[in-house]
Amino acid sequence: MKVKQGCPVQATVAVMRGKWKVSILWNLAFGPKRFAELTRRLANISEKVLTAQLRQLERNGVVSRTVTADIPPKVSYSLTTAGMELVRLMHGLCEWGSEHFGIEPTMGTPPFLQNQSVLNQAVQKQPVLNRAVLNRAVQNRVAKR
(Lines give C-alpha, C1' and ligand atoms only; values in the text may rest on other atoms or scores of the structure.)
Protein backbone atom coordinates (compact mmCIF):
# COMPACT_ATOMS: atom_id res chain seq x y z
CA MET A 1 0.00 0.00 0.00
CA LYS A 2 1.31 3.43 -0.89
CA VAL A 3 2.37 5.54 2.09
CA LYS A 4 0.32 8.73 2.20
CA GLN A 5 1.15 11.99 3.95
CA GLY A 6 -1.35 14.18 5.75
CA CYS A 7 -4.74 13.32 7.19
CA PRO A 8 -5.54 9.60 7.58
CA VAL A 9 -9.26 10.24 6.98
CA GLN A 10 -8.52 11.92 3.65
CA ALA A 11 -6.18 9.07 2.71
CA THR A 12 -8.92 6.54 3.51
CA VAL A 13 -11.53 8.44 1.55
CA ALA A 14 -9.08 8.70 -1.37
CA VAL A 15 -8.99 4.89 -1.56
CA MET A 16 -12.78 4.89 -2.11
CA ARG A 17 -12.83 8.01 -4.32
CA GLY A 18 -14.25 7.31 -7.73
CA LYS A 19 -17.72 6.76 -9.13
CA TRP A 20 -17.60 2.96 -8.92
CA LYS A 21 -15.18 2.00 -6.15
CA VAL A 22 -17.74 1.83 -3.33
CA SER A 23 -20.00 -0.40 -5.46
CA ILE A 24 -17.07 -2.60 -6.49
CA LEU A 25 -15.94 -3.05 -2.88
CA TRP A 26 -19.49 -3.76 -1.67
CA ASN A 27 -20.03 -6.38 -4.40
CA LEU A 28 -16.73 -8.08 -3.56
CA ALA A 29 -17.80 -8.20 0.12
CA PHE A 30 -20.22 -10.99 -0.88
CA GLY A 31 -17.38 -13.12 -2.21
CA PRO A 32 -14.87 -13.31 -5.07
CA LYS A 33 -16.14 -12.18 -8.47
CA ARG A 34 -14.83 -12.57 -11.97
CA PHE A 35 -14.46 -9.53 -14.21
CA ALA A 36 -17.52 -10.36 -16.33
CA GLU A 37 -19.66 -10.83 -13.23
CA LEU A 38 -18.64 -7.43 -11.90
CA THR A 39 -19.43 -5.91 -15.30
CA ARG A 40 -22.94 -7.42 -15.18
CA ARG A 41 -23.55 -6.32 -11.59
CA LEU A 42 -22.43 -2.76 -12.33
CA ALA A 43 -24.68 -2.29 -15.34
CA ASN A 44 -23.48 1.08 -16.65
CA ILE A 45 -19.72 0.72 -16.14
CA SER A 46 -17.42 0.37 -19.12
CA GLU A 47 -14.75 -2.34 -19.13
CA LYS A 48 -12.04 0.32 -19.36
CA VAL A 49 -13.28 2.13 -16.24
CA LEU A 50 -13.79 -1.14 -14.31
CA THR A 51 -10.24 -2.21 -15.17
CA ALA A 52 -8.82 1.13 -14.05
CA GLN A 53 -10.80 1.15 -10.78
CA LEU A 54 -9.83 -2.46 -9.97
CA ARG A 55 -6.15 -1.68 -10.62
CA GLN A 56 -6.31 1.34 -8.29
CA LEU A 57 -8.00 -0.74 -5.57
CA GLU A 58 -5.37 -3.44 -6.04
CA ARG A 59 -2.53 -0.87 -5.77
CA ASN A 60 -4.09 0.41 -2.54
CA GLY A 61 -4.08 -3.11 -1.12
CA VAL A 62 -7.83 -3.58 -0.67
CA VAL A 63 -8.49 -5.88 -3.63
CA SER A 64 -6.62 -9.02 -4.63
CA ARG A 65 -6.42 -10.31 -8.22
CA THR A 66 -6.09 -14.08 -8.66
CA VAL A 67 -5.25 -15.73 -11.98
CA THR A 68 -5.78 -19.48 -12.38
CA ALA A 69 -3.61 -21.47 -14.77
CA ASP A 70 -6.54 -22.71 -16.86
CA ILE A 71 -6.89 -22.31 -20.59
CA PRO A 72 -8.15 -19.63 -21.01
CA PRO A 73 -6.87 -18.13 -17.76
CA LYS A 74 -9.55 -17.20 -15.23
CA VAL A 75 -9.16 -13.97 -13.29
CA SER A 76 -11.10 -13.30 -10.12
CA TYR A 77 -11.09 -10.42 -7.69
CA SER A 78 -11.62 -10.57 -3.93
CA LEU A 79 -11.17 -8.37 -0.89
CA THR A 80 -7.97 -8.49 1.09
CA THR A 81 -8.03 -8.24 4.88
CA ALA A 82 -7.61 -4.48 4.52
CA GLY A 83 -10.51 -4.47 2.05
CA MET A 84 -12.73 -6.29 4.54
CA GLU A 85 -11.82 -3.71 7.19
CA LEU A 86 -12.73 -0.95 4.75
CA VAL A 87 -16.08 -2.58 3.98
CA ARG A 88 -16.70 -2.80 7.72
CA LEU A 89 -16.21 1.00 7.86
CA MET A 90 -18.48 1.44 4.82
CA HIS A 91 -21.15 -0.59 6.63
CA GLY A 92 -20.96 1.86 9.53
CA LEU A 93 -21.36 4.74 7.09
CA CYS A 94 -24.34 2.95 5.57
CA GLU A 95 -26.00 2.59 8.97
CA TRP A 96 -25.30 6.24 9.77
CA GLY A 97 -26.73 7.39 6.44
CA SER A 98 -29.83 5.24 6.89
CA GLU A 99 -30.44 6.67 10.34
CA HIS A 100 -29.79 10.32 9.47
CA PHE A 101 -31.17 10.53 5.94
CA GLY A 102 -33.87 7.85 6.05
CA ILE A 103 -32.40 6.02 3.05
CA GLU A 104 -32.95 2.25 3.11
CA PRO A 105 -30.00 0.09 2.00
CA THR A 106 -30.64 -1.78 -1.25
CA MET A 107 -27.68 -4.14 -1.62
CA GLY A 108 -27.99 -6.20 1.57
CA THR A 109 -25.39 -6.88 4.24
CA PRO A 110 -22.29 -8.93 3.42
CA PRO A 111 -22.24 -12.29 5.22
CA PHE A 112 -19.15 -11.49 7.30
CA LEU A 113 -20.96 -8.42 8.73
CA GLN A 114 -24.38 -9.93 9.45
CA ASN A 115 -23.59 -11.18 12.97
CA GLN A 116 -21.87 -7.89 13.75
CA SER A 117 -25.03 -5.95 12.80
CA VAL A 118 -27.19 -8.02 15.15
CA LEU A 119 -24.63 -7.55 17.94
CA ASN A 120 -24.42 -3.78 17.35
CA GLN A 121 -28.21 -3.44 17.48
CA ALA A 122 -28.35 -5.37 20.76
CA VAL A 123 -25.57 -3.26 22.28
CA GLN A 124 -27.26 -0.02 21.18
CA LYS A 125 -30.54 -0.98 22.87
CA GLN A 126 -29.01 -1.59 26.31
CA PRO A 127 -25.38 -0.52 26.13
CA VAL A 128 -24.30 -1.08 29.74
CA LEU A 129 -26.02 -4.43 30.31
CA ASN A 130 -25.19 -5.94 26.93
CA ARG A 131 -21.54 -4.88 26.99
CA ALA A 132 -21.13 -6.36 30.47
CA VAL A 133 -22.85 -9.59 29.44
CA LEU A 134 -20.82 -9.74 26.24
CA ASN A 135 -17.56 -9.17 28.11
CA ARG A 136 -18.40 -11.95 30.60
CA ALA A 137 -19.34 -14.33 27.78
CA VAL A 138 -16.07 -13.63 25.98
CA GLN A 139 -14.09 -14.08 29.19
CA ASN A 140 -15.88 -17.37 29.94
CA ARG A 141 -15.24 -18.67 26.44
CA VAL A 142 -11.55 -17.77 26.64
CA ALA A 143 -11.27 -19.35 30.11
CA LYS A 144 -12.79 -22.65 28.86
CA ARG A 145 -10.15 -22.99 26.13
# chains A, B, ... in the order shown; residues from 1 in each chain; ligands from 1
$ closest_atom_pairs --of "range 1-29 of chain A" --to "range 75-92 of chain A" --cutoff "8 Å" --atoms "only C-alpha atoms" --output "CSV"
residue,atom,partner,partner_atom,distance
A:Leu25,CA,A:Val87,CA,6.9
A:Trp26,CA,A:Val87,CA,6.7
A:Leu28,CA,A:Ser78,CA,5.7
A:Ala29,CA,A:Leu79,CA,6.7
$ write_last_selection --atoms "N, CA and C atoms" --output "PDB file, in the first residue's frame"
ATOM      1  N   LEU A  25     -16.309  -2.486  -4.186  1.00  0.00           N
ATOM      2  CA  LEU A  25     -15.943  -3.049  -2.882  1.00  0.00           C
ATOM      3  C   LEU A  25     -17.124  -3.768  -2.241  1.00  0.00           C
ATOM      4  N   TRP A  26     -18.308  -3.154  -2.308  1.00  0.00           N
ATOM      5  CA  TRP A  26     -19.487  -3.759  -1.674  1.00  0.00           C
ATOM      6  C   TRP A  26     -19.842  -5.080  -2.357  1.00  0.00           C
ATOM      7  N   LEU A  28     -17.763  -7.100  -3.907  1.00  0.00           N
ATOM      8  CA  LEU A  28     -16.735  -8.080  -3.556  1.00  0.00           C
ATOM      9  C   LEU A  28     -16.871  -8.552  -2.107  1.00  0.00           C
ATOM     10  N   ALA A  29     -17.585  -7.800  -1.275  1.00  0.00           N
ATOM     11  CA  ALA A  29     -17.804  -8.203   0.116  1.00  0.00           C
ATOM     12  C   ALA A  29     -18.670  -9.460   0.207  1.00  0.00           C
TER      13      ALA A  29
END
$ residues_around --residues "range 42-59 of chain A" --least-positions-apart "2" --cutoff "9 Å" --atoms "only C-alpha atoms" --output "PyMOL selection string"
chain A and resi 1-2+15-16+18+20-21+23-25+35-40+61-65+77+83
$ select_by_dssp --residues "range 14-119 of chain A" --states "helix (DSSP H, G or I)" --output "PyMOL selection string"
chain A and resi 14-16+21-28+35-41+47-59+81-101+111-119
$ closest_residue --among "A:Pro8, A:Lys33, A:Lys19, A:Glu99" --to "Lys74 in chain A" --atoms "only C-alpha atoms"
A:Lys33
$ atom_distance --atom1 "CA of Gly31 in chain A" --atom2 "CA of Pro105 in chain A"
18.8 Å
$ decode --residues "range 52-81 of chain A" --atoms "N, CA, C and O atoms" --output "PDB file, in the first residue's frame"
ATOM      1  N   ALA A  52      -9.588   0.074 -14.710  1.00  0.00           N
ATOM      2  CA  ALA A  52      -8.818   1.128 -14.046  1.00  0.00           C
ATOM      3  C   ALA A  52      -9.124   1.177 -12.552  1.00  0.00           C
ATOM      4  O   ALA A  52      -8.205   1.276 -11.719  1.00  0.00           O
ATOM      5  N   GLN A  53     -10.410   1.082 -12.193  1.00  0.00           N
ATOM      6  CA  GLN A  53     -10.804   1.147 -10.784  1.00  0.00           C
ATOM      7  C   GLN A  53     -10.272  -0.066 -10.022  1.00  0.00           C
ATOM      8  O   GLN A  53      -9.781   0.069  -8.907  1.00  0.00           O
ATOM      9  N   LEU A  54     -10.346  -1.255 -10.613  1.00  0.00           N
ATOM     10  CA  LEU A  54      -9.825  -2.459  -9.969  1.00  0.00           C
ATOM     11  C   LEU A  54      -8.314  -2.365  -9.765  1.00  0.00           C
ATOM     12  O   LEU A  54      -7.792  -2.763  -8.718  1.00  0.00           O
ATOM     13  N   ARG A  55      -7.604  -1.834 -10.752  1.00  0.00           N
ATOM     14  CA  ARG A  55      -6.151  -1.677 -10.620  1.00  0.00           C
ATOM     15  C   ARG A  55      -5.801  -0.721  -9.484  1.00  0.00           C
ATOM     16  O   ARG A  55      -4.859  -0.966  -8.723  1.00  0.00           O
ATOM     17  N   GLN A  56      -6.556   0.383  -9.371  1.00  0.00           N
ATOM     18  CA  GLN A  56      -6.306   1.337  -8.293  1.00  0.00           C
ATOM     19  C   GLN A  56      -6.580   0.694  -6.925  1.00  0.00           C
ATOM     20  O   GLN A  56      -5.807   0.870  -5.984  1.00  0.00           O
ATOM     21  N   LEU A  57      -7.677  -0.062  -6.825  1.00  0.00           N
ATOM     22  CA  LEU A  57      -7.996  -0.739  -5.566  1.00  0.00           C
ATOM     23  C   LEU A  57      -6.941  -1.785  -5.225  1.00  0.00           C
ATOM     24  O   LEU A  57      -6.584  -1.965  -4.065  1.00  0.00           O
ATOM     25  N   GLU A  58      -6.428  -2.445  -6.254  1.00  0.00           N
ATOM     26  CA  GLU A  58      -5.369  -3.436  -6.040  1.00  0.00           C
ATOM     27  C   GLU A  58      -4.080  -2.754  -5.571  1.00  0.00           C
ATOM     28  O   GLU A  58      -3.425  -3.221  -4.638  1.00  0.00           O
ATOM     29  N   ARG A  59      -3.728  -1.629  -6.191  1.00  0.00           N
ATOM     30  CA  ARG A  59      -2.533  -0.873  -5.774  1.00  0.00           C
ATOM     31  C   ARG A  59      -2.645  -0.388  -4.333  1.00  0.00           C
ATOM     32  O   ARG A  59      -1.654  -0.322  -3.614  1.00  0.00           O
ATOM     33  N   ASN A  60      -3.868  -0.062  -3.911  1.00  0.00           N
ATOM     34  CA  ASN A  60      -4.089   0.408  -2.539  1.00  0.00           C
ATOM     35  C   ASN A  60      -4.197  -0.734  -1.536  1.00  0.00           C
ATOM     36  O   ASN A  60      -4.396  -0.500  -0.344  1.00  0.00           O
ATOM     37  N   GLY A  61      -4.126  -1.963  -2.006  1.00  0.00           N
ATOM     38  CA  GLY A  61      -4.083  -3.111  -1.121  1.00  0.00           C
ATOM     39  C   GLY A  61      -5.415  -3.573  -0.565  1.00  0.00           C
ATOM     40  O   GLY A  61      -5.447  -4.315   0.405  1.00  0.00           O
ATOM     41  N   VAL A  62      -6.519  -3.163  -1.173  1.00  0.00           N
ATOM     42  CA  VAL A  62      -7.834  -3.576  -0.668  1.00  0.00           C
ATOM     43  C   VAL A  62      -8.483  -4.654  -1.531  1.00  0.00           C
ATOM     44  O   VAL A  62      -9.439  -5.295  -1.106  1.00  0.00           O
ATOM     45  N   VAL A  63      -7.979  -4.855  -2.728  1.00  0.00           N
ATOM     46  CA  VAL A  63      -8.494  -5.885  -3.632  1.00  0.00           C
ATOM     47  C   VAL A  63      -7.337  -6.759  -4.088  1.00  0.00           C
ATOM     48  O   VAL A  63      -6.235  -6.272  -4.346  1.00  0.00           O
ATOM     49  N   SER A  64      -7.610  -8.047  -4.175  1.00  0.00           N
ATOM     50  CA  SER A  64      -6.618  -9.019  -4.633  1.00  0.00           C
ATOM     51  C   SER A  64      -7.072  -9.591  -5.973  1.00  0.00           C
ATOM     52  O   SER A  64      -8.247  -9.904  -6.151  1.00  0.00           O
ATOM     53  N   ARG A  65      -6.142  -9.737  -6.890  1.00  0.00           N
ATOM     54  CA  ARG A  65      -6.416 -10.305  -8.221  1.00  0.00           C
ATOM     55  C   ARG A  65      -5.776 -11.688  -8.268  1.00  0.00           C
ATOM     56  O   ARG A  65      -4.580 -11.839  -8.036  1.00  0.00           O
ATOM     57  N   THR A  66      -6.584 -12.706  -8.594  1.00  0.00           N
ATOM     58  CA  THR A  66      -6.090 -14.076  -8.660  1.00  0.00           C
ATOM     59  C   THR A  66      -6.283 -14.617 -10.068  1.00  0.00           C
ATOM     60  O   THR A  66      -7.385 -14.567 -10.606  1.00  0.00           O
ATOM     61  N   VAL A  67      -5.205 -15.141 -10.648  1.00  0.00           N
ATOM     62  CA  VAL A  67      -5.253 -15.731 -11.983  1.00  0.00           C
ATOM     63  C   VAL A  67      -5.032 -17.227 -11.847  1.00  0.00           C
ATOM     64  O   VAL A  67      -4.048 -17.661 -11.246  1.00  0.00           O
ATOM     65  N   THR A  68      -5.952 -18.021 -12.400  1.00  0.00           N
ATOM     66  CA  THR A  68      -5.777 -19.479 -12.381  1.00  0.00           C
ATOM     67  C   THR A  68      -5.097 -19.909 -13.673  1.00  0.00           C
ATOM     68  O   THR A  68      -5.250 -19.259 -14.706  1.00  0.00           O
ATOM     69  N   ALA A  69      -4.398 -21.010 -13.620  1.00  0.00           N
ATOM     70  CA  ALA A  69      -3.613 -21.474 -14.768  1.00  0.00           C
ATOM     71  C   ALA A  69      -4.439 -22.322 -15.734  1.00  0.00           C
ATOM     72  O   ALA A  69      -3.945 -23.273 -16.311  1.00  0.00           O
ATOM     73  N   ASP A  70      -5.697 -21.999 -15.891  1.00  0.00           N
ATOM     74  CA  ASP A  70      -6.543 -22.709 -16.856  1.00  0.00           C
ATOM     75  C   ASP A  70      -6.331 -22.140 -18.251  1.00  0.00           C
ATOM     76  O   ASP A  70      -5.684 -21.118 -18.434  1.00  0.00           O
ATOM     77  N   ILE A  71      -6.905 -22.833 -19.225  1.00  0.00           N
ATOM     78  CA  ILE A  71      -6.890 -22.306 -20.593  1.00  0.00           C
ATOM     79  C   ILE A  71      -8.344 -22.119 -21.000  1.00  0.00           C
ATOM     80  O   ILE A  71      -9.070 -23.101 -21.083  1.00  0.00           O
ATOM     81  N   PRO A  72      -8.820 -20.921 -21.225  1.00  0.00           N
ATOM     82  CA  PRO A  72      -8.152 -19.634 -21.012  1.00  0.00           C
ATOM     83  C   PRO A  72      -8.020 -19.337 -19.521  1.00  0.00           C
ATOM     84  O   PRO A  72      -8.771 -19.861 -18.707  1.00  0.00           O
ATOM     85  N   PRO A  73      -7.067 -18.466 -19.175  1.00  0.00           N
ATOM     86  CA  PRO A  73      -6.868 -18.128 -17.763  1.00  0.00           C
ATOM     87  C   PRO A  73      -8.120 -17.476 -17.176  1.00  0.00           C
ATOM     88  O   PRO A  73      -8.807 -16.723 -17.854  1.00  0.00           O
ATOM     89  N   LYS A  74      -8.410 -17.802 -15.924  1.00  0.00           N
ATOM     90  CA  LYS A  74      -9.553 -17.196 -15.234  1.00  0.00           C
ATOM     91  C   LYS A  74      -9.006 -16.211 -14.211  1.00  0.00           C
ATOM     92  O   LYS A  74      -8.111 -16.535 -13.442  1.00  0.00           O
ATOM     93  N   VAL A  75      -9.571 -15.014 -14.221  1.00  0.00           N
ATOM     94  CA  VAL A  75      -9.161 -13.971 -13.294  1.00  0.00           C
ATOM     95  C   VAL A  75     -10.326 -13.672 -12.375  1.00  0.00           C
ATOM     96  O   VAL A  75     -11.449 -13.466 -12.828  1.00  0.00           O
ATOM     97  N   SER A  76     -10.061 -13.678 -11.075  1.00  0.00           N
ATOM     98  CA  SER A  76     -11.102 -13.300 -10.124  1.00  0.00           C
ATOM     99  C   SER A  76     -10.541 -12.262  -9.161  1.00  0.00           C
ATOM    100  O   SER A  76      -9.337 -12.173  -8.946  1.00  0.00           O
ATOM    101  N   TYR A  77     -11.451 -11.485  -8.614  1.00  0.00           N
ATOM    102  CA  TYR A  77     -11.086 -10.423  -7.689  1.00  0.00           C
ATOM    103  C   TYR A  77     -11.766 -10.692  -6.358  1.00  0.00           C
ATOM    104  O   TYR A  77     -12.905 -11.151  -6.313  1.00  0.00           O
ATOM    105  N   SER A  78     -11.055 -10.392  -5.270  1.00  0.00           N
ATOM    106  CA  SER A  78     -11.619 -10.568  -3.934  1.00  0.00           C
ATOM    107  C   SER A  78     -11.043  -9.489  -3.020  1.00  0.00           C
ATOM    108  O   SER A  78     -10.063  -8.824  -3.360  1.00  0.00           O
ATOM    109  N   LEU A  79     -11.661  -9.340  -1.866  1.00  0.00           N
ATOM    110  CA  LEU A  79     -11.173  -8.374  -0.887  1.00  0.00           C
ATOM    111  C   LEU A  79      -9.992  -8.957  -0.120  1.00  0.00           C
ATOM    112  O   LEU A  79      -9.973 -10.143   0.194  1.00  0.00           O
ATOM    113  N   THR A  80      -9.042  -8.115   0.182  1.00  0.00           N
ATOM    114  CA  THR A  80      -7.971  -8.487   1.090  1.00  0.00           C
ATOM    115  C   THR A  80      -8.477  -8.238   2.519  1.00  0.00           C
ATOM    116  O   THR A  80      -9.604  -7.745   2.709  1.00  0.00           O
ATOM    117  N   THR A  81      -7.659  -8.530   3.497  1.00  0.00           N
ATOM    118  CA  THR A  81      -8.028  -8.237   4.882  1.00  0.00           C
ATOM    119  C   THR A  81      -8.271  -6.742   5.057  1.00  0.00           C
ATOM    120  O   THR A  81      -9.244  -6.323   5.697  1.00  0.00           O
TER     121      THR A  81
END
